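Asker: Please find work_15.txt (compact mmCIF, C-alpha atoms) on the next line:
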```
# COMPACT_ATOMS: atom_id res chain seq x y z
CA MET A 1 36.63 -30.23 -25.04
CA VAL A 2 39.45 -32.38 -26.29
CA PHE A 3 37.74 -35.73 -26.70
CA GLY A 4 34.53 -34.48 -28.21
CA TYR A 5 32.42 -37.21 -29.67
CA GLN A 6 31.08 -36.77 -33.09
CA THR A 7 27.36 -36.17 -32.90
CA SER A 8 24.81 -35.49 -35.54
CA ARG A 9 23.24 -32.77 -33.49
CA ASN A 10 22.81 -29.23 -34.47
CA PRO A 11 25.77 -27.16 -33.22
CA LEU A 12 23.35 -24.54 -31.92
CA ASN A 13 21.69 -27.11 -29.68
CA GLN A 14 25.08 -28.20 -28.46
CA LEU A 15 25.96 -24.66 -27.59
CA ARG A 16 22.69 -24.27 -25.74
CA ASP A 17 23.33 -27.45 -23.77
CA GLU A 18 26.79 -26.20 -22.89
CA MET A 19 25.28 -22.97 -21.66
CA ASP A 20 22.64 -24.83 -19.70
CA ARG A 21 25.27 -26.93 -18.05
CA LEU A 22 27.35 -23.88 -17.25
CA PHE A 23 24.47 -22.06 -15.64
CA THR A 24 23.25 -25.12 -13.79
CA GLY A 25 26.56 -25.40 -12.06
CA PHE A 26 26.66 -21.71 -11.55
CA LEU A 27 23.28 -20.89 -10.10
CA GLY A 28 22.67 -23.98 -8.03
CA SER A 29 21.26 -27.06 -9.65
CA VAL A 30 18.25 -28.05 -7.57
CA GLY A 31 15.98 -25.59 -9.28
CA ASP A 32 15.27 -23.33 -6.39
CA GLY A 33 15.85 -20.83 -9.10
CA GLY A 34 19.15 -19.42 -8.01
CA PHE A 35 18.83 -15.71 -8.19
CA MET A 36 17.37 -15.41 -11.66
CA PRO A 37 14.60 -17.95 -11.71
CA ASN A 38 12.74 -16.89 -14.81
CA MET A 39 15.41 -15.74 -17.15
CA PHE A 40 17.09 -18.92 -18.27
CA ARG A 41 14.30 -21.36 -18.15
CA ASN A 42 10.70 -21.27 -19.01
CA GLN A 43 9.60 -21.49 -15.42
CA PRO A 44 6.33 -20.16 -14.10
CA PRO A 45 6.66 -18.06 -10.95
CA VAL A 46 5.57 -19.41 -7.57
CA ASN A 47 4.54 -17.95 -4.26
CA VAL A 48 5.36 -19.86 -1.12
CA TRP A 49 4.18 -19.04 2.37
CA ASP A 50 4.17 -20.52 5.82
CA ARG A 51 0.82 -21.23 7.51
CA THR A 52 2.10 -22.60 10.87
CA ASP A 53 0.67 -26.08 10.23
CA ALA A 54 1.51 -26.22 6.54
CA ILE A 55 3.64 -24.83 3.75
CA MET A 56 1.53 -23.32 1.01
CA VAL A 57 2.66 -23.17 -2.61
CA GLU A 58 0.73 -21.31 -5.26
CA MET A 59 1.17 -21.04 -9.01
CA GLU A 60 -0.92 -19.31 -11.64
CA LEU A 61 -1.77 -21.77 -14.39
CA PRO A 62 -4.55 -20.34 -16.53
CA GLY A 63 -6.01 -22.72 -19.07
CA VAL A 64 -4.36 -25.78 -17.58
CA LYS A 65 -6.51 -28.80 -16.73
CA ASN A 66 -6.12 -31.14 -13.76
CA ASP A 67 -4.61 -33.95 -15.81
CA GLN A 68 -1.95 -31.67 -17.27
CA ILE A 69 -0.36 -31.14 -13.87
CA ASP A 70 1.96 -33.59 -12.19
CA ILE A 71 2.95 -32.94 -8.59
CA SER A 72 5.39 -35.02 -6.61
CA VAL A 73 7.14 -34.75 -3.26
CA THR A 74 10.34 -36.69 -2.78
CA GLY A 75 13.17 -36.22 -0.37
CA GLY A 76 12.16 -32.77 0.80
CA GLU A 77 11.67 -31.51 -2.70
CA LEU A 78 8.45 -30.53 -4.41
CA THR A 79 8.28 -30.85 -8.17
CA ILE A 80 5.47 -29.43 -10.27
CA LYS A 81 5.34 -30.41 -13.92
CA VAL A 82 2.91 -28.68 -16.19
CA ASN A 83 2.03 -29.13 -19.80
CA ARG A 84 0.01 -26.36 -21.32
CA PRO A 85 -1.07 -27.57 -24.73
CA ASP A 86 -0.86 -25.43 -27.82
CA GLU A 87 -4.44 -24.94 -28.92
CA THR A 88 -3.67 -23.44 -32.28
CA GLN A 89 -6.14 -24.59 -34.87
CA GLN A 90 -6.15 -24.52 -38.61
CA GLY A 91 -7.06 -21.16 -40.03
CA MET A 92 -5.96 -19.09 -37.05
CA VAL A 93 -3.92 -16.04 -37.89
CA PHE A 94 -2.12 -14.64 -34.86
CA HIS A 95 -1.66 -10.93 -34.39
CA ARG A 96 -0.24 -11.20 -30.93
CA ARG A 97 1.00 -14.17 -28.93
CA GLU A 98 1.94 -13.60 -25.34
CA ARG A 99 0.45 -16.58 -23.53
CA PRO A 100 3.09 -19.23 -22.94
CA VAL A 101 2.48 -22.79 -24.09
CA GLY A 102 4.42 -26.01 -23.75
CA ALA A 103 5.85 -28.02 -20.92
CA PHE A 104 7.62 -26.54 -17.97
CA HIS A 105 8.53 -27.67 -14.51
CA ARG A 106 9.59 -26.22 -11.26
CA SER A 107 11.34 -27.83 -8.29
CA LEU A 108 11.45 -26.34 -4.85
CA ARG A 109 13.39 -27.48 -1.85
CA LEU A 110 11.02 -27.47 1.09
CA PRO A 111 12.22 -25.61 4.17
CA VAL A 112 10.78 -28.14 6.64
CA GLU A 113 9.81 -31.77 6.65
CA VAL A 114 6.30 -32.34 5.29
CA ASP A 115 3.85 -35.20 5.56
CA SER A 116 3.89 -36.29 1.93
CA ASN A 117 0.85 -38.54 2.37
CA ARG A 118 -1.39 -35.63 3.20
CA VAL A 119 -0.34 -33.20 0.49
CA GLU A 120 -3.34 -31.68 -1.25
CA ALA A 121 -3.60 -29.69 -4.45
CA GLU A 122 -6.48 -27.65 -5.76
CA LEU A 123 -6.93 -25.95 -9.09
CA ARG A 124 -9.48 -23.18 -9.17
CA ASN A 125 -9.93 -20.39 -11.72
CA GLY A 126 -6.49 -21.10 -13.09
CA VAL A 127 -4.75 -20.90 -9.73
CA LEU A 128 -3.04 -23.99 -8.35
CA THR A 129 -2.75 -24.14 -4.57
CA ILE A 130 -0.75 -26.91 -2.91
CA THR A 131 -1.07 -27.52 0.81
CA LEU A 132 1.89 -29.37 2.30
CA PRO A 133 1.11 -30.21 5.93
CA LYS A 134 4.16 -30.07 8.13
CA ALA A 135 5.37 -33.29 9.67
CA GLU A 136 4.73 -33.58 13.40
CA SER A 137 8.41 -33.04 14.10
CA ALA A 138 8.39 -29.76 12.21
CA LYS A 139 5.31 -28.22 13.82
CA PRO A 140 5.88 -25.48 16.34
CA ARG A 141 5.33 -26.82 19.85
CA LYS A 142 4.73 -25.02 23.04
CA ILE A 143 7.05 -26.31 25.66
CA ASN A 144 6.01 -26.07 29.24
CA VAL A 145 8.69 -25.30 31.70
CA THR A 146 8.67 -27.71 34.55
CA GLY A 147 10.59 -27.36 37.69
CA ALA A 148 10.41 -28.64 41.20
CA ASP A 149 8.40 -26.19 43.18
CA GLN A 150 10.56 -25.40 46.11
CA GLY A 151 8.15 -22.87 47.51
CA VAL A 152 10.56 -19.99 47.59
CA MET B 1 12.36 -13.20 1.00
CA ASN B 2 13.75 -11.07 -1.79
CA ASN B 3 11.34 -8.42 -2.74
CA GLU B 4 13.04 -7.39 -5.97
CA ALA B 5 11.60 -10.47 -7.58
CA THR B 6 8.09 -9.83 -6.33
CA ILE B 7 6.47 -8.25 -9.32
CA THR B 8 7.12 -10.36 -12.37
CA LYS B 9 3.86 -9.51 -14.04
CA PRO B 10 3.89 -6.35 -16.10
CA THR B 11 1.90 -3.59 -14.51
CA VAL B 12 -0.32 -0.97 -16.02
CA VAL B 13 1.34 2.40 -16.00
CA ASP B 14 -0.89 4.57 -18.12
CA GLU B 15 -4.16 4.09 -16.36
CA THR B 16 -6.12 7.28 -16.78
CA THR B 17 -8.78 7.00 -14.11
CA GLU B 18 -7.90 6.63 -10.48
CA ARG B 19 -8.86 3.57 -8.56
CA THR B 20 -10.90 3.45 -5.40
CA ARG B 21 -9.09 0.39 -4.15
CA THR B 22 -5.42 0.36 -3.50
CA GLY B 23 -3.28 -2.33 -4.95
CA CYS B 24 -1.52 -3.05 -8.15
CA CYS B 25 -3.15 -3.46 -11.48
CA TYR B 26 -1.64 -6.06 -13.75
CA ARG B 27 -1.59 -6.34 -17.49
CA PRO B 28 -2.79 -9.78 -18.57
CA ASN B 29 -1.01 -11.74 -21.27
CA VAL B 30 -3.14 -12.01 -24.38
CA ASP B 31 -3.33 -13.81 -27.67
CA ILE B 32 -5.09 -11.98 -30.44
CA LEU B 33 -6.01 -13.89 -33.52
CA GLU B 34 -8.27 -13.94 -36.49
CA ARG B 35 -10.29 -16.96 -37.39
CA GLY B 36 -12.72 -16.86 -40.26
CA ASP B 37 -15.17 -14.04 -39.69
CA GLU B 38 -14.15 -13.20 -36.18
CA LEU B 39 -11.39 -11.68 -34.15
CA MET B 40 -10.55 -13.52 -30.93
CA VAL B 41 -8.94 -12.04 -27.86
CA ILE B 42 -7.76 -14.60 -25.31
CA ALA B 43 -6.54 -13.26 -21.98
CA ASP B 44 -4.96 -15.01 -19.00
CA VAL B 45 -6.67 -13.68 -15.89
CA PRO B 46 -6.02 -16.38 -13.26
CA GLY B 47 -7.84 -15.89 -9.99
CA ALA B 48 -10.68 -13.86 -11.48
CA LYS B 49 -14.25 -15.04 -11.12
CA ASN B 50 -17.00 -15.04 -13.72
CA ASP B 51 -18.80 -12.11 -12.19
CA SER B 52 -15.69 -10.07 -11.47
CA ILE B 53 -14.86 -9.58 -15.14
CA ASP B 54 -15.99 -6.44 -16.88
CA ILE B 55 -15.71 -6.01 -20.64
CA HIS B 56 -16.47 -2.81 -22.43
CA PHE B 57 -16.41 -2.00 -26.13
CA GLU B 58 -16.99 1.49 -27.36
CA GLU B 59 -15.85 3.31 -30.46
CA GLY B 60 -13.32 0.70 -31.35
CA VAL B 61 -11.77 0.51 -27.88
CA LEU B 62 -11.98 -2.77 -26.09
CA GLU B 63 -11.48 -2.60 -22.35
CA ILE B 64 -10.95 -5.64 -20.15
CA ARG B 65 -11.07 -5.35 -16.40
CA ALA B 66 -10.98 -8.24 -13.95
CA ALA B 67 -11.09 -7.84 -10.21
CA VAL B 68 -9.09 -10.36 -8.21
CA GLU B 69 -9.55 -10.84 -4.49
CA PRO B 70 -6.39 -10.99 -2.42
CA ARG B 71 -5.78 -14.59 -1.41
CA HIS B 72 -2.48 -14.81 0.41
CA GLY B 73 -1.69 -15.04 4.02
CA ASN B 74 1.37 -13.57 5.63
CA GLY B 75 4.76 -15.09 6.11
CA PHE B 76 6.05 -15.36 2.57
CA LEU B 77 9.00 -17.65 2.09
CA ARG B 78 9.14 -16.78 -1.55
CA GLN B 79 7.12 -14.24 -3.46
CA GLU B 80 7.66 -14.17 -7.19
CA TYR B 81 4.43 -12.63 -8.35
CA GLY B 82 1.84 -10.26 -7.02
CA VAL B 83 -1.91 -10.72 -6.94
CA GLY B 84 -4.21 -7.95 -8.03
CA ASP B 85 -6.72 -6.74 -10.58
CA TYR B 86 -6.15 -7.01 -14.30
CA TYR B 87 -6.66 -4.20 -16.75
CA ARG B 88 -5.91 -3.79 -20.43
CA THR B 89 -7.31 -1.90 -23.36
CA PHE B 90 -7.02 -2.38 -27.09
CA GLN B 91 -7.69 -0.23 -30.06
CA VAL B 92 -9.51 -2.52 -32.46
CA SER B 93 -8.95 -1.39 -36.01
CA GLU B 94 -11.22 -3.92 -37.69
CA ALA B 95 -14.91 -3.11 -38.06
CA ILE B 96 -16.63 -5.14 -35.36
CA ASP B 97 -20.30 -5.89 -34.90
CA ALA B 98 -20.49 -4.72 -31.29
CA SER B 99 -23.90 -6.25 -30.64
CA LYS B 100 -22.60 -9.74 -31.34
CA ILE B 101 -19.53 -9.70 -29.10
CA SER B 102 -19.52 -12.69 -26.78
CA ALA B 103 -17.23 -13.82 -23.99
CA GLU B 104 -16.61 -17.00 -22.06
CA TYR B 105 -14.48 -17.66 -19.01
CA SER B 106 -13.06 -20.91 -17.72
CA ASP B 107 -9.97 -22.00 -15.78
CA GLY B 108 -8.59 -18.49 -15.58
CA VAL B 109 -8.79 -17.84 -19.30
CA LEU B 110 -11.11 -15.24 -20.79
CA THR B 111 -12.01 -15.72 -24.45
CA LEU B 112 -13.68 -12.92 -26.39
CA HIS B 113 -15.27 -13.38 -29.78
CA LEU B 114 -15.56 -10.23 -31.83
CA PRO B 115 -17.42 -10.93 -35.06
CA LYS B 116 -16.50 -8.72 -37.96
CA SER B 117 -19.30 -6.57 -39.24
CA GLU B 118 -20.78 -7.36 -42.63
CA ALA B 119 -18.92 -4.53 -44.28
CA ALA B 120 -15.56 -5.85 -43.15
CA LYS B 121 -16.01 -9.44 -44.21
CA PRO B 122 -13.95 -10.47 -47.18
CA ARG B 123 -16.07 -10.84 -50.26
CA LYS B 124 -15.26 -12.57 -53.43
CA ILE B 125 -16.28 -10.58 -56.40
CA ASN B 126 -16.94 -12.48 -59.52
CA VAL B 127 -15.95 -10.92 -62.73
CA GLN B 128 -18.68 -11.22 -65.26
CA ALA B 129 -17.41 -12.12 -68.62
CA SER B 130 -19.00 -10.07 -71.30
CA ALA B 131 -20.31 -12.35 -73.94
```
Please express what this file holds, its structure, as structure tokens.
Answerer:
Amino acid sequence: MVFGYQTSRNPLNQLRDEMDRLFTGFLGSVGDGGFMPNMFRNQPPVNVWDRTDAIMVEMELPGVKNDQIDISVTGGELTIKVNRPDETQQGMVFHRRERPVGAFHRSLRLPVEVDSNRVEAELRNGVLTITLPKAESAKPRKINVTGADQGV
Amino acid sequence: MNNEATITKPTVVDETTERTRTGCCYRPNVDILERGDELMVIADVPGAKNDSIDIHFEEGVLEIRAAVEPRHGNGFLRQEYGVGDYYRTFQVSEAIDASKISAEYSDGVLTLHLPKSEAAKPRKINVQASA
């Protein structure tokens, strides 16, 4: 960095940003996770499966309410943003803290074209399930073989 | 796709009794905290239902068990976590009034309230000044 601008930021933050940038270029930017999805970012794990007529995406989000989830589908990419609030109150003394809090997001490139108008999401018992119906063009179709019957 | 990344949740290794159902048993993430006269144990058990959670407290050992029904189809494109029952035990060192333990469950989070027994509550002792 020859022409570094003078910033008032903490050098540690700068270093972290540098590292982030390095790894982003390294592991593939559009957060499909690269090969180490959970190590560098605070990303919750996802399960994705194919249900012939739809792509299903599931994420475990215990303690998260409907309005703390933001789901969007744009240009063949699904983005899930979650904010799990810190519910620490005055007078709480923690002995153990394992449950993650804060904001995190996850982007997934969808393998097929989906009908973004019919995407549905359901949150039940802390499990978020997103149904992404496949676009007509992406649905499997049975093709009948036609041929002139020549009565062989 | 890549199965190495399948199990991201820590699993229980030292389970003493054998299970009748096959499948993995996961260790839920917990917060343990003290607030006033009670100890709180908050556990993430997403996918469990109210009636599938079993809590047991005996001789200072708190045992949490939550059965989770399998819910996936086939044809994984990406599998980063497994789905299965939760199990975890704790040795509670504080004196707890076992009869007053209560639990609530909502949105995949189990919250346990363990009130301290009278003997364990902090007491302020006033020093009497001798006239």
Asker: Looking at all atoms listed in the file, which of B:Asp44, B:Asp54, B:Glu34, B:Glu118 is the one that sits closest to Val101 of chain A?
Answerer: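 Going through B:Asp44, B:Asp54, B:Glu34, B:Glu118 one by one, the smallest distance to Val101 of chain A is for B:Asp44.
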Asker: Between B:Leu114, B:Val68, B:Leu62, B:Leu33, which residue has the minimum interatomic distance to chain A, considering all atoms listed in the file?
Answerer: B:Leu33
Asker: Determine, for each residue of chain A having at least one atom at most 10 Å from an atom of chain B, the closest pair of atoms and their separation in Å to one decimal, counting all atoms listed in the file; order by chain and ascending number, as JSON lines.
Answerer:
```
{"residue": "A:Phe35", "atom": "CA", "partner": "B:Ala5", "partner_atom": "CA", "distance": 9.0}
{"residue": "A:Met36", "atom": "CA", "partner": "B:Ala5", "partner_atom": "CA", "distance": 8.6}
{"residue": "A:Pro37", "atom": "CA", "partner": "B:Ala5", "partner_atom": "CA", "distance": 9.1}
{"residue": "A:Asn38", "atom": "CA", "partner": "B:Thr8", "partner_atom": "CA", "distance": 9.0}
{"residue": "A:Pro44", "atom": "CA", "partner": "B:Glu80", "partner_atom": "CA", "distance": 9.2}
{"residue": "A:Pro45", "atom": "CA", "partner": "B:Glu80", "partner_atom": "CA", "distance": 5.5}
{"residue": "A:Val46", "atom": "CA", "partner": "B:Glu80", "partner_atom": "CA", "distance": 5.7}
{"residue": "A:Asn47", "atom": "CA", "partner": "B:Gln79", "partner_atom": "CA", "distance": 4.6}
{"residue": "A:Val48", "atom": "CA", "partner": "B:Arg78", "partner_atom": "CA", "distance": 4.9}
{"residue": "A:Trp49", "atom": "CA", "partner": "B:Phe76", "partner_atom": "CA", "distance": 4.1}
{"residue": "A:Asp50", "atom": "CA", "partner": "B:Gly75", "partner_atom": "CA", "distance": 5.5}
{"residue": "A:Arg51", "atom": "CA", "partner": "B:Gly75", "partner_atom": "CA", "distance": 7.4}
{"residue": "A:Thr52", "atom": "CA", "partner": "B:Gly75", "partner_atom": "CA", "distance": 9.3}
{"residue": "A:Ile55", "atom": "CA", "partner": "B:Leu77", "partner_atom": "CA", "distance": 9.1}
{"residue": "A:Met56", "atom": "CA", "partner": "B:Phe76", "partner_atom": "CA", "distance": 9.3}
{"residue": "A:Val57", "atom": "CA", "partner": "B:Arg78", "partner_atom": "CA", "distance": 9.2}
{"residue": "A:Glu58", "atom": "CA", "partner": "B:His72", "partner_atom": "CA", "distance": 9.2}
{"residue": "A:Met59", "atom": "CA", "partner": "B:Tyr81", "partner_atom": "CA", "distance": 9.0}
{"residue": "A:Glu60", "atom": "CA", "partner": "B:Pro46", "partner_atom": "CA", "distance": 6.1}
{"residue": "A:Leu61", "atom": "CA", "partner": "B:Pro46", "partner_atom": "CA", "distance": 7.0}
{"residue": "A:Pro62", "atom": "CA", "partner": "B:Gly108", "partner_atom": "CA", "distance": 4.5}
{"residue": "A:Gly63", "atom": "CA", "partner": "B:Asp107", "partner_atom": "CA", "distance": 5.2}
{"residue": "A:Val64", "atom": "CA", "partner": "B:Asp107", "partner_atom": "CA", "distance": 7.0}
{"residue": "A:Lys65", "atom": "CA", "partner": "B:Asp107", "partner_atom": "CA", "distance": 7.7}
{"residue": "A:Thr88", "atom": "CA", "partner": "B:Leu33", "partner_atom": "CA", "distance": 9.9}
{"residue": "A:Gln89", "atom": "CA", "partner": "B:Arg35", "partner_atom": "CA", "distance": 9.0}
{"residue": "A:Gln90", "atom": "CA", "partner": "B:Arg35", "partner_atom": "CA", "distance": 8.7}
{"residue": "A:Gly91", "atom": "CA", "partner": "B:Arg35", "partner_atom": "CA", "distance": 5.9}
{"residue": "A:Met92", "atom": "CA", "partner": "B:Arg35", "partner_atom": "CA", "distance": 4.8}
{"residue": "A:Val93", "atom": "CA", "partner": "B:Glu34", "partner_atom": "CA", "distance": 5.0}
{"residue": "A:Phe94", "atom": "CA", "partner": "B:Leu33", "partner_atom": "CA", "distance": 4.2}
{"residue": "A:His95", "atom": "CA", "partner": "B:Leu33", "partner_atom": "CA", "distance": 5.3}
{"residue": "A:Arg96", "atom": "CA", "partner": "B:Ile32", "partner_atom": "CA", "distance": 4.9}
{"residue": "A:Arg97", "atom": "CA", "partner": "B:Asp31", "partner_atom": "CA", "distance": 4.5}
{"residue": "A:Glu98", "atom": "CA", "partner": "B:Asn29", "partner_atom": "CA", "distance": 5.4}
{"residue": "A:Arg99", "atom": "CA", "partner": "B:Asn29", "partner_atom": "CA", "distance": 5.5}
{"residue": "A:Pro100", "atom": "CA", "partner": "B:Asn29", "partner_atom": "CA", "distance": 8.7}
{"residue": "A:Pro111", "atom": "CA", "partner": "B:Leu77", "partner_atom": "CA", "distance": 8.8}
{"residue": "A:Leu123", "atom": "CA", "partner": "B:Asp107", "partner_atom": "CA", "distance": 8.3}
{"residue": "A:Arg124", "atom": "CA", "partner": "B:Asp107", "partner_atom": "CA", "distance": 6.7}
{"residue": "A:Asn125", "atom": "CA", "partner": "B:Asp107", "partner_atom": "CA", "distance": 4.4}
{"residue": "A:Gly126", "atom": "CA", "partner": "B:Gly108", "partner_atom": "CA", "distance": 4.2}
{"residue": "A:Val127", "atom": "CA", "partner": "B:Pro46", "partner_atom": "CA", "distance": 5.9}
{"residue": "A:Leu128", "atom": "CA", "partner": "B:Pro46", "partner_atom": "CA", "distance": 9.5}
```
Asker: Around (-16.8, -1.5, -37.7), as given in the file, which residues come within 6 Å? Count all atoms listed in the file and list them as a ChimeraX atom specification.
Answerer: /B:95-96,117
Asker: Can you tell me how far atom CA of Glu77 of chain A sits from atom CA of Asn117 of chain A, in Å to one decimal?
Answerer: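 About the pair atom CA of Glu77 of chain A and atom CA of Asn117 of chain A: they are 13.9 Å apart.
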Asker: Output as JSON the centre and edge lengths (Å, one decimal) of the box along x, y and z of the file that holds every listed atom of segment 41-55 of chain A after adding 5 Å on each side.
Answerer:
```
{"center_x": 7.5, "center_y": -22.1, "center_z": -4.1, "size_x": 23.6, "size_y": 18.3, "size_z": 39.9}
```
Asker: Could you please determine the separation between atom CA of Ile130 of chain A and atom CA of Ala103 of chain A in Å, to one decimal place?
Answerer: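 About the pair atom CA of Ile130 of chain A and atom CA of Ala103 of chain A: they are 19.2 Å apart.
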Asker: To one decimal in Å, tell me the separation between atom CA of Ile53 of chain B and atom CA of Ala121 of chain A.
Answerer: 25.4 Å
